[in-house]
Amino acid sequence: MNWRLSYRYSGEPLRTEFVSRFSGMPIQMLDRKSDGDDNSQENTFQLDYTTPVGKGQSLSSGLKYIARHNSADDKLYFAEGNSWIHNTEGSMLYDHFNDIGAIYSEYTGTFGKFSLIAGLRYEYTWQKVRYGKGFGQDFKTGFGDIVPSASLQYNIAATRNIGLTYNRRIQRPGITYLNPYVDRSSTTNITYGNSDLTSARSDILSLVFNSFNPKWIVSLTGRYSHTGSGISSYSFYDDEGVLNTTYGNVVVEDNTGVTAFVNWTAGPKTRLFTNSSAGFSKFSSDALDWSNHGWTWSAMLGIQQTLPGDILLSANVVANGRTWTLQGWNDGFKLGVLGLTKGFLADKLKLTVQAVGNIGGDGLEIKSVSKGKDYLTTSLVTVPVRQVGVALTWNFGKQGFQVKKARRTIQNDDVINNSNGQAPGGSTPVTSGTGQLGI
């Protein structure tokens, strides 16, 4: 019997500033500046209880409460002479409160060669939006989610097993998706969030096979996921000819794929490995009357070789294929990584030299295409990737004590944010859950 009470605080301030200056235009355009001061704060309380219920069996239950506060203070300024004049109509003062309560129960049992985990979680979300005076109408809402999970594993032999896993994943929009502020830093397109977004629910089914011996480690995973209320950015032209980009629960997404991790210890000084995947993604939206689909792939190939003088050589090639979105796609990339590590003073001191660079071309080129019924946009970003690094590490020796790790720790991985400059048409990323209280 075991009780555990946990607490965690996290904060994520975000400060942005954009300045647009215009010259040589056929019509007079005012220079403009956009200042953003956003912040996300989170307090989490979690209580877990675990007790044995029989030989090789246990029951875990728990409660969890998350209090989130997202705030945004975004201002627009127009140039007037040598001064910036605040434009209140293009500014926004906004607070979003998101409280989540959850209760869960999970059963774990081992019966000979079979292992079983079955769990059920109920979550309820209270949302409240409050605007600064004159910026919008305050409102509040609430909704609940049932989150089941199950896993069955069979040990074929001492070094080989196969497992079938099902879980539902809940992902909630972060401040960059929710903030309704209209970014007018460009005269030809505007972007803004959507405070009416709700959580996205993904159902994931995985079949896993693992095998290992002194020379080989093989892990194969087949996965299918379905998201019926995915959060996607989308774009359209308004009556004034301005391209609008915003977000909505508008996409149905299906992903099917396989992943393979293979490690071969070819000799006492040589190791080769790969972590690769391939799949097919399909997107559709009744709200936008639009669909898209395409094949995806990624590959990582690596080798570790001990050279004379006990110098460790590490070489890796990483490549990603095209990724697809509701309204377009983003090209992949190819990178090479080469490193040398040498230990000194009985390996207490280690020196590592590492080089990273793009493969082919003058830089890392990523092409993005977004297409709708009335528009087509294409962008090409080239980033030279040539990096050399040197690292020194010192090992002070083994500690005389070890902190016991909790079986369950606070894991809040349900929030998604568009902090990577995602092209229009991107959808909620789908990842597998752990069966824990991962809200």
# chains A, B, ... in the order shown; residues from 1 in each chain; ligands from 1
>>> select_by_dssp(residues="region 147-341 of chain A", states="helix (DSSP H, G or I)", output="list in words")
Ile175, Thr176, Tyr177 and Leu178 of chain A
>>> select_by_dssp(residues="region 65-247 of chain A", states="strand (DSSP E)", output="PyMOL selection string")
chain A and resi 65-80+83-111+114-131+139-157+160-173+189-191+200-212+216-237+243-247
>>> closest_atom_pairs(of="region 91-123 of chain A", to="region 43-59 of chain A", cutoff="7 Å", atoms="only C-alpha atoms", output="CSV")
residue,atom,partner,partner_atom,distance
A:Glu106,CA,A:Leu59,CA,5.8
A:Tyr107,CA,A:Leu59,CA,4.7
A:Thr108,CA,A:Ser58,CA,5.3
A:Gly109,CA,A:Gln57,CA,4.2
A:Thr110,CA,A:Gly56,CA,5.3
>>> write_last_selection(atoms="N, CA, C and O atoms", output="PDB file, in the first residue's frame")
ATOM      1  N   GLU A 106      -6.539   2.205 -12.285  1.00  0.00           N
ATOM      2  CA  GLU A 106      -5.795   1.353 -13.209  1.00  0.00           C
ATOM      3  C   GLU A 106      -5.460   0.020 -12.535  1.00  0.00           C
ATOM      4  O   GLU A 106      -4.970  -0.015 -11.412  1.00  0.00           O
ATOM      5  N   TYR A 107      -5.719  -1.060 -13.245  1.00  0.00           N
ATOM      6  CA  TYR A 107      -5.437  -2.411 -12.750  1.00  0.00           C
ATOM      7  C   TYR A 107      -4.248  -2.993 -13.503  1.00  0.00           C
ATOM      8  O   TYR A 107      -4.154  -2.885 -14.730  1.00  0.00           O
ATOM      9  N   THR A 108      -3.326  -3.624 -12.759  1.00  0.00           N
ATOM     10  CA  THR A 108      -2.163  -4.280 -13.346  1.00  0.00           C
ATOM     11  C   THR A 108      -2.081  -5.705 -12.815  1.00  0.00           C
ATOM     12  O   THR A 108      -2.179  -5.924 -11.600  1.00  0.00           O
ATOM     13  N   GLY A 109      -1.922  -6.660 -13.740  1.00  0.00           N
ATOM     14  CA  GLY A 109      -1.838  -8.048 -13.320  1.00  0.00           C
ATOM     15  C   GLY A 109      -0.891  -8.845 -14.199  1.00  0.00           C
ATOM     16  O   GLY A 109      -0.786  -8.591 -15.412  1.00  0.00           O
ATOM     17  N   THR A 110      -0.197  -9.805 -13.592  1.00  0.00           N
ATOM     18  CA  THR A 110       0.683 -10.720 -14.316  1.00  0.00           C
ATOM     19  C   THR A 110       0.222 -12.150 -14.070  1.00  0.00           C
ATOM     20  O   THR A 110       0.085 -12.572 -12.905  1.00  0.00           O
TER      21      THR A 110
END
>>> residues_around(residues="Ile311 (chain A)", least_positions_apart="5", cutoff="12 Å", atoms="only C-alpha atoms", output="number ranges by chain")
A: 269, 304-306, 339-344, 347, 350-353
>>> residues_around(residues="Leu93 (chain A)", least_positions_apart="2", cutoff="6 Å", atoms="only C-alpha atoms", output="number ranges by chain")
A: 72-73, 131-132
>>> write_last_selection(atoms="N, CA, C and O atoms", output="short mmCIF file (atom, residue, chain, number, x, y, z; two decimals), in the first residue's frame")
data_model
loop_
_atom_site.label_atom_id
_atom_site.label_comp_id
_atom_site.auth_asym_id
_atom_site.auth_seq_id
_atom_site.Cartn_x
_atom_site.Cartn_y
_atom_site.Cartn_z
N ALA A 72 -2.58 37.25 -22.42
CA ALA A 72 -1.98 37.88 -23.60
C ALA A 72 -2.27 39.37 -23.57
O ALA A 72 -3.42 39.79 -23.39
N ASP A 73 -1.21 40.15 -23.74
CA ASP A 73 -1.33 41.61 -23.85
C ASP A 73 -0.61 42.01 -25.13
O ASP A 73 0.62 42.16 -25.15
N TYR A 131 -11.81 39.29 -21.15
CA TYR A 131 -11.15 40.30 -21.98
C TYR A 131 -10.99 41.60 -21.19
O TYR A 131 -11.77 41.88 -20.26
N GLY A 132 -10.00 42.40 -21.60
CA GLY A 132 -9.90 43.75 -21.07
C GLY A 132 -11.08 44.58 -21.55
O GLY A 132 -11.73 44.26 -22.55
#
>>> closest_atom_pairs(of="region 176-292 of chain A", to="region 296-301 of chain A", cutoff="12 Å", atoms="only C-alpha atoms", output="JSON lines")
{"residue": "A:Asn255", "atom": "CA", "partner": "A:Thr296", "partner_atom": "CA", "distance": 9.8}
{"residue": "A:Thr256", "atom": "CA", "partner": "A:Thr296", "partner_atom": "CA", "distance": 9.8}
{"residue": "A:Gly257", "atom": "CA", "partner": "A:Thr296", "partner_atom": "CA", "distance": 8.6}
{"residue": "A:Val258", "atom": "CA", "partner": "A:Trp297", "partner_atom": "CA", "distance": 9.5}
{"residue": "A:Thr259", "atom": "CA", "partner": "A:Ser298", "partner_atom": "CA", "distance": 9.3}
{"residue": "A:Ala260", "atom": "CA", "partner": "A:Ala299", "partner_atom": "CA", "distance": 9.5}
{"residue": "A:Phe261", "atom": "CA", "partner": "A:Met300", "partner_atom": "CA", "distance": 9.5}
{"residue": "A:Val262", "atom": "CA", "partner": "A:Leu301", "partner_atom": "CA", "distance": 9.8}
{"residue": "A:Asn263", "atom": "CA", "partner": "A:Leu301", "partner_atom": "CA", "distance": 10.2}
{"residue": "A:Trp264", "atom": "CA", "partner": "A:Leu301", "partner_atom": "CA", "distance": 11.7}
{"residue": "A:Arg271", "atom": "CA", "partner": "A:Leu301", "partner_atom": "CA", "distance": 11.2}
{"residue": "A:Leu272", "atom": "CA", "partner": "A:Leu301", "partner_atom": "CA", "distance": 7.8}
{"residue": "A:Phe273", "atom": "CA", "partner": "A:Leu301", "partner_atom": "CA", "distance": 6.1}
{"residue": "A:Thr274", "atom": "CA", "partner": "A:Leu301", "partner_atom": "CA", "distance": 4.6}
{"residue": "A:Asn275", "atom": "CA", "partner": "A:Met300", "partner_atom": "CA", "distance": 5.2}
{"residue": "A:Ser276", "atom": "CA", "partner": "A:Ala299", "partner_atom": "CA", "distance": 4.2}
{"residue": "A:Ser277", "atom": "CA", "partner": "A:Ser298", "partner_atom": "CA", "distance": 5.3}
{"residue": "A:Ala278", "atom": "CA", "partner": "A:Trp297", "partner_atom": "CA", "distance": 4.2}
{"residue": "A:Gly279", "atom": "CA", "partner": "A:Thr296", "partner_atom": "CA", "distance": 5.2}
{"residue": "A:Phe280", "atom": "CA", "partner": "A:Thr296", "partner_atom": "CA", "distance": 5.9}
{"residue": "A:Ser281", "atom": "CA", "partner": "A:Thr296", "partner_atom": "CA", "distance": 7.2}
{"residue": "A:Lys282", "atom": "CA", "partner": "A:Thr296", "partner_atom": "CA", "distance": 10.7}
>>> write_last_selection(atoms="C-alpha atoms", output="tab-separated table (two decimals), in the first residue's frame")
chain	number	residue	atom	x	y	z
A	255	ASN	CA	-2.36	7.89	-39.43
A	256	THR	CA	-1.08	4.40	-40.16
A	257	GLY	CA	2.57	3.51	-39.83
A	258	VAL	CA	5.37	1.21	-38.72
A	259	THR	CA	8.50	1.96	-36.72
A	260	ALA	CA	11.61	-0.20	-36.49
A	261	PHE	CA	14.52	0.06	-34.06
A	262	VAL	CA	17.36	-2.38	-34.78
A	263	ASN	CA	20.69	-2.51	-32.95
A	264	TRP	CA	23.49	-4.89	-34.07
A	271	ARG	CA	27.80	-1.16	-33.09
A	272	LEU	CA	25.36	-0.32	-35.90
A	273	PHE	CA	21.78	0.81	-35.38
A	274	THR	CA	18.77	2.33	-37.09
A	275	ASN	CA	15.53	3.95	-35.95
A	276	SER	CA	13.24	4.34	-38.96
A	277	SER	CA	9.56	4.72	-39.72
A	278	ALA	CA	7.14	4.91	-42.63
A	279	GLY	CA	3.45	5.71	-42.75
A	280	PHE	CA	0.47	7.19	-44.51
A	281	SER	CA	-1.45	10.26	-43.32
A	282	LYS	CA	-4.96	11.23	-44.39
>>> residues_around(residues="Gly328 (chain A)", least_positions_apart="4", cutoff="7 Å", atoms="only C-alpha atoms", output="list in words")
Trp324, Val369, Ser370, Lys371 and Gly425 of chain A
>>> closest_residue(among="A:Thr159, A:Ser149, A:Asn194, A:Ser83", to="Tyr104 (chain A)", atoms="only C-alpha atoms")
A:Ser149
>>> residues_around(residues="Val356 (chain A)", least_positions_apart="6", cutoff="9 Å", atoms="only C-alpha atoms", output="number ranges by chain")
A: 335-339, 385-389
>>> atom_distance(atom1="CA of Gly193 (chain A)", atom2="CA of Asp74 (chain A)")
12.6 Å
>>> residues_around(residues="Leu30 (chain A)", least_positions_apart="5", cutoff="8 Å", atoms="only C-alpha atoms", output="ChimeraX atom specification")
/A:21-22,78-79
>>> atom_distance(atom1="CA of Trp295 (chain A)", atom2="CA of Ser233 (chain A)")
20.5 Å
